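Source file: my_file18.txt (compact mmCIF, C-alpha atoms)
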```txt
# COMPACT_ATOMS: atom_id res chain seq x y z
CA MET U 300 -121.21 17.51 70.31
CA THR U 301 -121.73 20.27 67.76
CA LEU U 302 -121.34 19.88 64.00
CA LEU U 303 -118.27 22.13 64.08
CA SER U 304 -116.65 19.88 66.67
CA ILE U 305 -117.33 16.81 64.55
CA LEU U 306 -115.81 18.54 61.52
CA PHE U 307 -112.77 19.55 63.57
CA TYR U 308 -112.16 15.99 64.84
CA ALA U 309 -112.52 14.78 61.26
CA PHE U 310 -109.90 17.36 60.26
CA ILE U 311 -107.55 16.05 62.97
CA ALA U 312 -108.01 12.51 61.62
CA VAL U 313 -107.32 13.64 58.06
CA VAL U 314 -104.17 15.54 59.09
CA SER U 315 -102.99 12.47 61.00
CA ILE U 316 -103.46 10.26 57.92
CA GLN U 317 -101.59 12.75 55.74
CA VAL U 318 -98.73 13.03 58.21
CA ALA U 319 -98.48 9.23 58.41
CA TYR U 320 -98.32 8.94 54.62
CA TYR U 321 -95.72 11.66 54.16
CA LEU U 322 -93.53 10.34 56.98
CA SER U 323 -93.57 6.89 55.40
CA PHE U 324 -92.70 8.45 52.00
CA LEU U 325 -90.00 10.58 53.62
CA PHE U 326 -88.10 7.70 55.19
CA SER U 327 -88.72 5.08 52.49
CA PHE U 328 -87.66 7.25 49.53
CA ALA U 329 -87.26 11.01 49.96
CA VAL U 330 -84.15 10.84 52.18
CA LYS U 331 -82.88 7.60 50.65
CA ARG U 332 -79.67 8.00 48.63
CA ALA U 333 -79.48 6.70 45.09
CA GLU U 334 -77.04 3.82 44.71
CA THR U 335 -74.77 3.49 41.70
CA ARG U 336 -73.88 -0.07 40.70
CA LEU U 337 -72.37 -0.38 37.23
CA LYS U 338 -70.34 -2.82 35.09
CA LYS U 339 -72.81 -5.69 34.80
CA ASN U 340 -73.05 -5.18 31.04
CA ILE U 341 -75.80 -7.73 30.42
CA PRO U 342 -77.17 -7.67 26.83
CA ILE U 343 -80.17 -5.35 26.58
CA SER U 344 -83.07 -4.97 24.16
CA VAL U 345 -84.48 -1.42 24.16
CA ILE U 346 -88.08 -1.50 22.98
CA ILE U 347 -89.77 1.62 21.59
CA CYS U 348 -93.37 1.43 20.41
CA ALA U 349 -94.21 4.40 18.18
CA LYS U 350 -97.40 5.62 16.57
CA ASN U 351 -97.06 8.69 14.34
CA GLU U 352 -93.70 9.66 15.87
CA ALA U 353 -91.63 10.36 12.74
CA GLU U 354 -90.21 13.69 13.93
CA ASN U 355 -89.37 12.43 17.41
CA LEU U 356 -87.63 9.37 16.01
CA LYS U 357 -85.46 11.52 13.73
CA THR U 358 -84.11 13.53 16.66
CA ASN U 359 -84.21 11.18 19.64
CA ILE U 360 -83.07 7.74 18.50
CA VAL U 361 -79.50 8.91 18.00
CA LEU U 362 -79.25 9.64 21.76
CA ILE U 363 -80.22 6.05 22.51
CA LEU U 364 -77.86 4.64 19.91
CA GLU U 365 -75.02 6.66 21.48
CA GLN U 366 -75.40 4.94 24.85
CA ASP U 367 -72.09 3.95 26.40
CA TYR U 368 -73.02 0.30 26.70
CA PRO U 369 -71.33 -2.73 25.09
CA THR U 370 -74.20 -4.91 23.89
CA PHE U 371 -77.70 -3.67 23.10
CA GLU U 372 -80.25 -3.58 20.33
CA VAL U 373 -83.07 -1.13 19.69
CA VAL U 374 -86.38 -2.70 18.67
CA LEU U 375 -88.50 -0.09 16.89
CA VAL U 376 -92.17 -1.05 16.74
CA ASN U 377 -94.32 0.82 14.22
CA ASP U 378 -97.87 0.65 15.56
CA SER U 379 -99.88 1.20 12.36
CA SER U 380 -98.70 4.80 11.92
CA SER U 381 -100.30 7.05 9.31
CA ASP U 382 -97.34 9.43 8.99
CA GLU U 383 -93.73 8.74 7.90
CA THR U 384 -92.84 6.75 11.03
CA LEU U 385 -92.27 3.49 9.13
CA ASP U 386 -90.05 5.19 6.52
CA VAL U 387 -87.97 6.84 9.24
CA MET U 388 -87.57 3.50 11.01
CA LYS U 389 -86.49 1.80 7.78
CA GLY U 390 -83.94 4.52 7.14
CA LEU U 391 -82.51 4.15 10.65
CA ALA U 392 -82.38 0.35 10.35
CA GLU U 393 -80.40 0.63 7.11
CA ILE U 394 -77.74 2.73 8.85
CA HIS U 395 -77.55 1.04 12.25
CA THR U 396 -77.06 -2.71 12.46
CA ASN U 397 -78.35 -2.92 16.05
CA ILE U 398 -81.81 -1.64 15.11
CA LYS U 399 -84.57 -4.19 14.58
CA LEU U 400 -87.82 -3.09 12.92
CA VAL U 401 -91.25 -4.53 13.71
CA ASP U 402 -94.10 -3.27 11.53
CA VAL U 403 -97.50 -3.87 13.13
CA LYS U 404 -100.39 -3.86 10.69
CA THR U 405 -103.90 -2.81 11.72
CA ILE U 406 -106.17 -5.73 12.50
CA GLU U 407 -109.74 -5.45 13.72
CA THR U 408 -109.30 -7.46 16.94
CA PHE U 409 -106.45 -5.32 18.30
CA TRP U 410 -107.07 -2.02 16.52
CA GLY U 411 -105.40 0.85 18.36
CA ASN U 412 -104.07 -1.46 21.07
CA LYS U 413 -100.51 -0.58 22.09
CA LYS U 414 -100.23 -3.80 24.12
CA TYR U 415 -100.57 -5.90 20.98
CA ALA U 416 -97.81 -3.91 19.26
CA LEU U 417 -95.58 -4.12 22.34
CA THR U 418 -96.10 -7.88 22.56
CA LEU U 419 -94.87 -8.29 18.98
CA GLY U 420 -91.87 -6.13 19.79
CA ILE U 421 -91.05 -8.22 22.86
CA LYS U 422 -91.34 -11.41 20.84
CA ALA U 423 -88.96 -10.01 18.23
CA SER U 424 -86.35 -8.90 20.76
CA LYS U 425 -83.09 -10.84 20.87
CA TYR U 426 -82.12 -10.47 24.53
CA ASP U 427 -83.78 -11.48 27.81
CA PHE U 428 -83.42 -8.11 29.54
CA LEU U 429 -85.84 -5.50 28.17
CA VAL U 430 -85.73 -1.72 28.69
CA PHE U 431 -88.77 0.32 27.66
CA THR U 432 -89.08 3.95 26.70
CA ASP U 433 -91.09 6.11 24.28
CA ALA U 434 -90.19 7.82 21.02
CA ASP U 435 -90.59 11.27 22.58
CA CYS U 436 -88.12 10.44 25.39
CA VAL U 437 -84.39 11.11 25.55
CA PRO U 438 -81.96 9.64 28.08
CA ASN U 439 -80.55 12.09 30.60
CA SER U 440 -77.04 10.72 29.99
CA ASN U 441 -75.15 8.21 27.86
CA LYS U 442 -75.03 5.98 30.96
CA TRP U 443 -78.80 5.46 31.04
CA LEU U 444 -78.68 1.79 30.05
CA ALA U 445 -75.73 1.13 32.35
CA HIS U 446 -77.56 2.52 35.37
CA VAL U 447 -80.89 0.82 34.64
CA SER U 448 -79.40 -2.60 33.81
CA SER U 449 -77.14 -2.59 36.88
CA ASN U 450 -80.22 -3.05 39.08
CA PHE U 451 -81.01 -6.47 37.62
CA SER U 452 -79.93 -9.46 39.69
CA ASN U 453 -80.88 -13.07 40.33
CA GLU U 454 -83.79 -11.78 42.45
CA LYS U 455 -84.58 -8.46 40.78
CA SER U 456 -86.35 -8.93 37.45
CA ILE U 457 -88.15 -5.54 37.36
CA VAL U 458 -86.49 -2.10 37.42
CA LEU U 459 -88.61 1.03 37.91
CA GLY U 460 -87.09 4.25 36.57
CA TYR U 461 -88.02 7.91 36.53
CA GLY U 462 -89.46 9.59 33.45
CA ALA U 463 -89.14 13.36 33.83
CA TYR U 464 -90.69 16.09 31.70
CA ALA U 465 -88.71 18.94 30.17
CA LYS U 466 -88.90 22.29 31.95
CA LYS U 467 -90.60 25.19 30.19
CA GLY U 468 -90.18 28.70 31.58
CA PHE U 469 -93.15 30.80 32.71
CA SER U 470 -95.67 28.00 32.23
CA PHE U 471 -98.06 27.07 35.03
CA LEU U 472 -99.19 23.99 33.09
CA ASN U 473 -95.60 22.80 32.81
CA LYS U 474 -95.11 23.18 36.57
CA LEU U 475 -98.37 21.32 37.22
CA ILE U 476 -97.37 18.45 34.91
CA ARG U 477 -93.94 18.15 36.53
CA PHE U 478 -95.43 18.40 40.03
CA GLU U 479 -97.84 15.56 39.26
CA THR U 480 -94.94 13.53 37.84
CA VAL U 481 -92.83 14.05 40.98
CA MET U 482 -95.75 13.16 43.27
CA THR U 483 -96.45 10.01 41.28
CA ALA U 484 -92.77 9.03 41.40
CA LEU U 485 -92.64 9.74 45.13
CA GLN U 486 -95.46 7.26 45.63
CA TYR U 487 -94.42 4.42 43.34
CA PHE U 488 -90.79 4.56 44.46
CA SER U 489 -91.86 4.73 48.12
CA TYR U 490 -94.24 1.80 47.81
CA ALA U 491 -91.59 -0.22 45.95
CA ASN U 492 -89.08 0.43 48.73
CA LEU U 493 -91.71 -0.54 51.30
CA GLY U 494 -92.22 -3.85 49.52
CA LEU U 495 -95.52 -2.89 47.85
CA PRO U 496 -94.67 -2.04 44.21
CA TYR U 497 -97.78 -1.14 42.28
CA MET U 498 -96.81 0.61 39.04
CA GLY U 499 -94.09 1.88 36.74
CA VAL U 500 -94.00 4.32 33.83
CA GLY U 501 -93.51 3.15 30.26
CA ARG U 502 -91.18 6.08 29.61
CA ASN U 503 -88.50 4.40 31.72
CA MET U 504 -88.80 0.89 33.04
CA ALA U 505 -87.29 -2.55 32.51
CA TYR U 506 -88.05 -6.20 33.10
CA ARG U 507 -86.97 -9.66 32.00
CA LYS U 508 -88.58 -11.22 28.96
CA GLU U 509 -89.15 -14.51 30.78
CA LEU U 510 -91.14 -12.65 33.44
CA PHE U 511 -93.40 -11.29 30.71
CA PHE U 512 -94.10 -14.66 29.09
CA ASN U 513 -94.25 -16.64 32.34
CA ASN U 514 -97.11 -14.35 33.39
CA SER U 515 -98.88 -14.50 29.99
CA GLY U 516 -97.91 -10.94 29.12
CA PHE U 517 -100.84 -8.54 28.85
CA ASN U 518 -103.47 -11.27 28.39
CA SER U 519 -105.44 -10.49 31.54
CA HIS U 520 -106.02 -6.88 30.46
CA MET U 521 -105.42 -6.94 26.69
CA ASN U 522 -108.96 -5.61 26.15
CA LEU U 523 -108.07 -2.37 27.99
CA ARG U 524 -106.55 0.38 25.86
CA SER U 525 -104.23 1.63 28.59
CA GLY U 526 -102.12 -0.03 31.25
CA ASP U 527 -99.27 -1.60 29.28
CA ASP U 528 -96.93 -0.30 31.98
CA ASP U 529 -98.77 0.07 35.28
CA LEU U 530 -101.24 -2.84 35.03
CA PHE U 531 -98.53 -5.31 34.07
CA ILE U 532 -96.29 -4.16 36.94
CA ASN U 533 -99.25 -4.18 39.34
CA GLU U 534 -99.90 -7.78 38.37
CA VAL U 535 -96.37 -9.24 38.53
CA ALA U 536 -94.31 -7.05 40.90
CA ASP U 537 -93.71 -8.07 44.49
CA ASN U 538 -91.44 -7.25 47.42
CA LYS U 539 -88.63 -9.49 46.12
CA ASN U 540 -88.46 -8.99 42.34
CA THR U 541 -88.60 -5.18 42.05
CA ALA U 542 -85.79 -2.62 42.18
CA ALA U 543 -85.98 1.19 42.03
CA CYS U 544 -83.46 3.12 39.93
CA PHE U 545 -83.39 6.87 40.54
CA THR U 546 -79.85 8.04 39.86
CA GLU U 547 -79.87 11.25 37.82
CA GLU U 548 -78.01 9.52 34.97
CA SER U 549 -80.86 7.00 34.68
CA PHE U 550 -83.66 9.52 34.05
CA THR U 551 -85.42 9.91 30.74
CA ILE U 552 -86.86 13.27 29.68
CA SER U 553 -90.00 13.78 27.60
CA GLU U 554 -91.64 16.77 26.03
CA PRO U 555 -94.74 17.67 28.10
CA LYS U 556 -98.15 18.54 26.74
CA THR U 557 -98.57 22.22 25.93
CA SER U 558 -102.32 22.55 26.38
CA PHE U 559 -104.59 21.68 29.30
CA LYS U 560 -106.92 19.80 26.94
CA ASP U 561 -104.20 17.44 25.69
CA TRP U 562 -102.85 16.88 29.19
CA ILE U 563 -106.32 16.12 30.60
CA LEU U 564 -106.92 13.57 27.82
CA GLN U 565 -103.57 11.96 28.62
CA LYS U 566 -104.33 11.79 32.35
CA ARG U 567 -107.81 10.40 31.69
CA ARG U 568 -106.22 7.42 29.96
CA HIS U 569 -103.70 6.95 32.77
CA ILE U 570 -106.17 7.25 35.64
CA SER U 571 -108.70 4.92 33.98
CA THR U 572 -106.48 1.91 34.76
CA ALA U 573 -106.24 2.51 38.52
CA LYS U 574 -109.55 0.74 39.21
CA PHE U 575 -107.96 -2.51 38.01
CA TYR U 576 -105.14 -2.42 40.58
CA LYS U 577 -104.95 -4.95 43.40
CA PRO U 578 -107.41 -4.18 46.26
CA LEU U 579 -104.68 -3.19 48.74
CA HIS U 580 -103.11 -0.77 46.27
CA LYS U 581 -106.48 0.76 45.44
CA PHE U 582 -107.22 1.23 49.13
CA LEU U 583 -103.88 2.86 49.96
CA LEU U 584 -103.88 5.15 46.92
CA GLY U 585 -107.55 6.01 47.39
CA LEU U 586 -107.08 6.82 51.07
CA PHE U 587 -104.13 9.09 50.27
CA TYR U 588 -106.06 11.02 47.63
CA THR U 589 -109.23 11.21 49.77
CA SER U 590 -107.25 12.54 52.74
CA GLN U 591 -105.64 15.16 50.47
CA LEU U 592 -109.03 16.30 49.20
CA LEU U 593 -110.62 16.34 52.66
CA PHE U 594 -107.67 18.26 54.11
CA TRP U 595 -108.44 21.19 51.83
CA ILE U 596 -112.25 20.91 52.05
CA LEU U 597 -112.42 20.61 55.84
CA GLY U 598 -109.68 23.16 56.44
CA ILE U 599 -111.32 25.82 54.25
CA LEU U 600 -114.80 25.00 55.63
CA LEU U 601 -113.74 25.23 59.27
CA PHE U 602 -111.85 28.45 58.67
CA THR U 603 -114.84 29.95 56.83
CA LEU U 604 -117.20 28.95 59.64
CA GLY U 605 -114.97 30.70 62.17
CA TYR U 606 -113.64 27.70 64.09
CA SER U 607 -110.62 28.31 66.33
CA TRP U 608 -108.08 29.51 63.77
CA GLU U 609 -105.13 28.84 66.08
CA TRP U 610 -105.78 25.09 66.04
CA LEU U 611 -106.46 25.08 62.31
CA ILE U 612 -103.23 26.89 61.52
CA ALA U 613 -101.24 24.67 63.89
CA LEU U 614 -102.53 21.46 62.32
CA ALA U 615 -102.21 22.76 58.76
CA THR U 616 -98.67 24.01 59.45
CA LEU U 617 -97.64 20.61 60.84
CA ARG U 618 -98.96 18.89 57.76
CA PHE U 619 -97.39 21.39 55.33
CA ILE U 620 -93.98 21.25 57.04
CA ILE U 621 -93.82 17.44 56.80
CA GLN U 622 -95.18 17.48 53.26
CA LEU U 623 -92.70 20.12 52.11
CA LEU U 624 -89.81 18.28 53.73
CA CYS U 625 -90.82 15.10 51.92
CA PHE U 626 -91.49 16.85 48.61
CA GLY U 627 -88.37 19.02 48.92
CA PHE U 628 -85.99 16.08 49.38
CA THR U 629 -87.73 14.23 46.54
CA ALA U 630 -87.64 17.26 44.24
CA LYS U 631 -83.92 17.69 44.90
CA LYS U 632 -83.29 14.01 44.16
CA LEU U 633 -85.29 14.23 40.91
CA ASN U 634 -83.86 17.61 39.86
CA GLU U 635 -87.18 19.46 40.29
CA VAL U 636 -86.25 21.84 43.12
CA ASP U 637 -87.95 24.82 41.47
CA LEU U 638 -91.34 23.22 42.21
CA ALA U 639 -90.94 23.16 46.00
CA PHE U 640 -91.92 26.81 46.50
CA PHE U 641 -95.19 26.33 44.56
CA ALA U 642 -96.05 22.93 46.06
CA PRO U 643 -99.19 23.91 48.08
CA ILE U 644 -100.76 25.78 45.14
CA LEU U 645 -99.86 23.04 42.67
CA GLU U 646 -101.24 20.41 45.01
CA LEU U 647 -104.61 22.16 45.23
CA PHE U 648 -104.86 22.52 41.44
CA LEU U 649 -103.82 18.90 40.94
CA ILE U 650 -106.39 17.59 43.41
CA LEU U 651 -109.17 19.53 41.69
CA THR U 652 -107.98 18.37 38.27
CA GLN U 653 -107.90 14.74 39.37
CA LEU U 654 -111.39 15.07 40.83
CA SER U 655 -112.70 16.41 37.51
CA ILE U 656 -110.97 13.54 35.67
CA PHE U 657 -112.52 10.93 37.99
CA ILE U 658 -115.95 12.41 37.31
CA ALA U 659 -115.32 12.60 33.55
CA ASN U 660 -114.19 8.96 33.44
CA LEU U 661 -117.38 7.90 35.22
CA ILE U 662 -119.42 9.61 32.54
CA SER U 663 -117.48 8.38 29.49
CA LYS U 664 -114.50 6.15 28.78
CA PRO U 665 -111.24 7.71 27.54
CA LYS U 666 -110.06 6.88 24.01
CA HIS U 667 -107.19 4.62 22.96
CA TRP U 668 -103.52 5.48 23.57
CA LYS U 669 -103.06 7.70 20.51
```

For the file at hand, write its structure as structure tokens.
Amino acid sequence: MTLLSILFYAFIAVVSIQVAYYLSFLFSFAVKRAETRLKKNIPISVIICAKNEAENLKTNIVLILEQDYPTFEVVLVNDSSSDETLDVMKGLAEIHTNIKLVDVKTIETFWGNKKYALTLGIKASKYDFLVFTDADCVPNSNKWLAHVSSNFSNEKSIVLGYGAYAKKGFSFLNKLIRFETVMTALQYFSYANLGLPYMGVGRNMAYRKELFFNNSGFNSHMNLRSGDDDLFINEVADNKNTAACFTEESFTISEPKTSFKDWILQKRRHISTAKFYKPLHKFLLGLFYTSQLLFWILGILLFTLGYSWEWLIALATLRFIIQLLCFGFTAKKLNEVDLAFFAPILELFLILTQLSIFIANLISKPKHWK
């Protein structure tokens, strides 16, 4: 058997793995309809941990306070900010009676550790059902809390939501950021629906306070700067206690990074936590990424070496059709349809970017959350 033949059979295996992944994503999430279940109206504590977010708090908190929901409080946690964040929080608390302020002072043991600040915010919260978002996020509707909270039940103590990024015209970086966000959501929603929840995003997620304390909070990974959202969910979520909320009214929207440098630094922090996931999750996520990378490497290599282009095009077309169907349905569900046309190009750039981040994280550790 020649080397080209070996490479071609490897390409067939990689395409088969990719097709299997995308078909499982397609039927577990992409074509699944969002369910709307309202009118539970359980008391909610919204927790927002902010570090140097004065301007965002001035403009965004009002949209949370205007939620059409009967009983909720907003716990604002100042994580040792050096700007006017604390003053803005105090001003808001004086006006709105349902705002609770937690001022976290810098201490050497937990310096720059968002998990410590979040823990104090959770302890200070009044209600058992907690909804988390960030200071730079705005709800997509005044029914955000109603949609998220309606997914809680006697069994469901975790609710995973979708945190979108605002669209910016004529920006390749913005498309790349939103593409990566959709692909990440496609995976964590799909795995949750398949009974294998592995992460959530701190921009839009919820869980019960008793779940947090019964599992000792962030204690098992308090020494890690990142992972207040995904590592905790990876540790406590299972096939019975996790619900996915992806109605359009339940989205939150954040301002994306505007430079590649800032975005890369952000992704370095996020990706650095993946090695602490459960072994099965690491295997499944690693296999998916590896098969993506090998699809492009082997496909380009075989085409360059002059292997039978008919077979290469047939296999690549099969994979792209299934991928685009899966991504297209997901993009429509998450209001990101404009990305579907650019999906193959964005995928290639994202894979290369992730590879560079993996290498960079091996060389040096990313810095703390802000």

### Query
What is the CA of Lys404 in chain U to CA of Ser379 in chain U distance in Å?
5.4 Å

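Counting from CA of Asn439 in chain U, the distance to CA of Glu547 in chain U is 7.3 Å.
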
#### Entry: Residue with smallest distance to Phe582 in chain U - pool U:Val447, U:Ala642, U:Ile552, U:Tyr497, counting only C-alpha atoms
U:Tyr497

### Task
Write out as a PyMOL selection string the residues lying within 9 Å of Lys357 in chain U, counting all atoms listed in the file and excluding same-chain residues fewer than 6 positions away.
chain U and resi 387-388+391

### Message
Env of Leu638 in chain U: 8 Å cut, atoms = all atoms listed in the file, seq-sep filter 4 positions within chain, self excluded. Answer as a ChimeraX atom specification.
### Response
/U:474,478,630,642

### Task
Please provide the set of residues having any atom within 10 Å of Glu365 in chain U, restricted to all atoms listed in the file, with same-chain residues fewer than 5 positions apart removed, written as a PyMOL selection string.
chain U and resi 360+440-442

I need the chosen residues saved as an mmCIF file, keeping the file's coordinate frame, with C-alpha atoms.
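The resulting file, result_11.cif, is reproduced below:
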```cif
data_model
loop_
_atom_site.group_PDB
_atom_site.id
_atom_site.type_symbol
_atom_site.label_atom_id
_atom_site.label_comp_id
_atom_site.auth_asym_id
_atom_site.auth_seq_id
_atom_site.Cartn_x
_atom_site.Cartn_y
_atom_site.Cartn_z
ATOM 1 C CA ILE U 360 -83.070 7.740 18.500
ATOM 2 C CA SER U 440 -77.040 10.720 29.990
ATOM 3 C CA ASN U 441 -75.150 8.210 27.860
ATOM 4 C CA LYS U 442 -75.030 5.980 30.960
#
```

Do you have, as a tab-separated table, the list of residues of range 466-580 of chain U lying at most 10 Å from range 611-628 of chain U, each with its nearest atom pair and that distance in Å to one decimal, counting all atoms listed in the file and ordered by chain then number?
```
residue	atom	partner	partner_atom	distance
U:Phe478	CA	U:Phe626	CA	9.6
U:Val481	CA	U:Phe626	CA	8.2
U:Met482	CA	U:Phe626	CA	7.8
U:Leu485	CA	U:Phe626	CA	8.0
```

### Task
Considering all atoms listed in the file, return as a ChimeraX atom specification whatever protein or nucleic-acid residues lie within 7 Å of range 583-597 of chain U, sequence-local ones (same chain, fewer than 4 positions apart) excluded.
/U:306,310,313-314,316-317,579,601,650

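Distance annotation: of U:Ser553, U:Asn540, U:Ser344, U:Thr480, the residue with the minimal separation from Ala423 in chain U is U:Ser344; atom set is all atoms listed in the file.
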
Give me, as a Markdown table, the closest atom pair and its distance (Å, one decimal) for every residue of range 428-478 of chain U within a cut-off of 10 Å of range 557-560 of chain U, counting all atoms listed in the file, rows sorted by chain and rising number.
```
| residue | atom | partner | partner_atom | distance |
| --- | --- | --- | --- | --- |
| U:Lys467 | CA | U:Thr557 | CA | 9.5 |
| U:Ser470 | CA | U:Thr557 | CA | 9.0 |
| U:Leu472 | CA | U:Phe559 | CA | 7.0 |
| U:Asn473 | CA | U:Thr557 | CA | 7.5 |
| U:Ile476 | CA | U:Phe559 | CA | 9.7 |
```

### Task
Would you mind reading off the distance between CA of Leu419 in chain U and CA of Leu530 in chain U, one decimal, in Å?
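Those two atoms sit 18.1 Å apart.
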
#### Entry: Shortest interatomic distance to Val535 in chain U - which of U:Val636, U:Val437, U:Ile457, U:Ile347, counting all atoms listed in the file
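Checking each candidate against Val535 in chain U, we get U:Ile457 as the closest.
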
### Message
From the options U:Phe602, U:Glu509, U:His580, U:Gln653, which residue's atoms come nearest to Lys566 in chain U, counting all atoms listed in the file?
### Response
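Nearest candidate to Lys566 in chain U out of U:Phe602, U:Glu509, U:His580, U:Gln653: U:Gln653.
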
### Message
Let me make sure I understand: among U:Lys350, U:Arg567, U:Arg332, U:Lys577, which one has the smallest atom-to-atom distance to Ile658 in chain U if we use only C-alpha atoms?
### Response
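Answer, going by the shortest atom-to-atom distance: U:Arg567.
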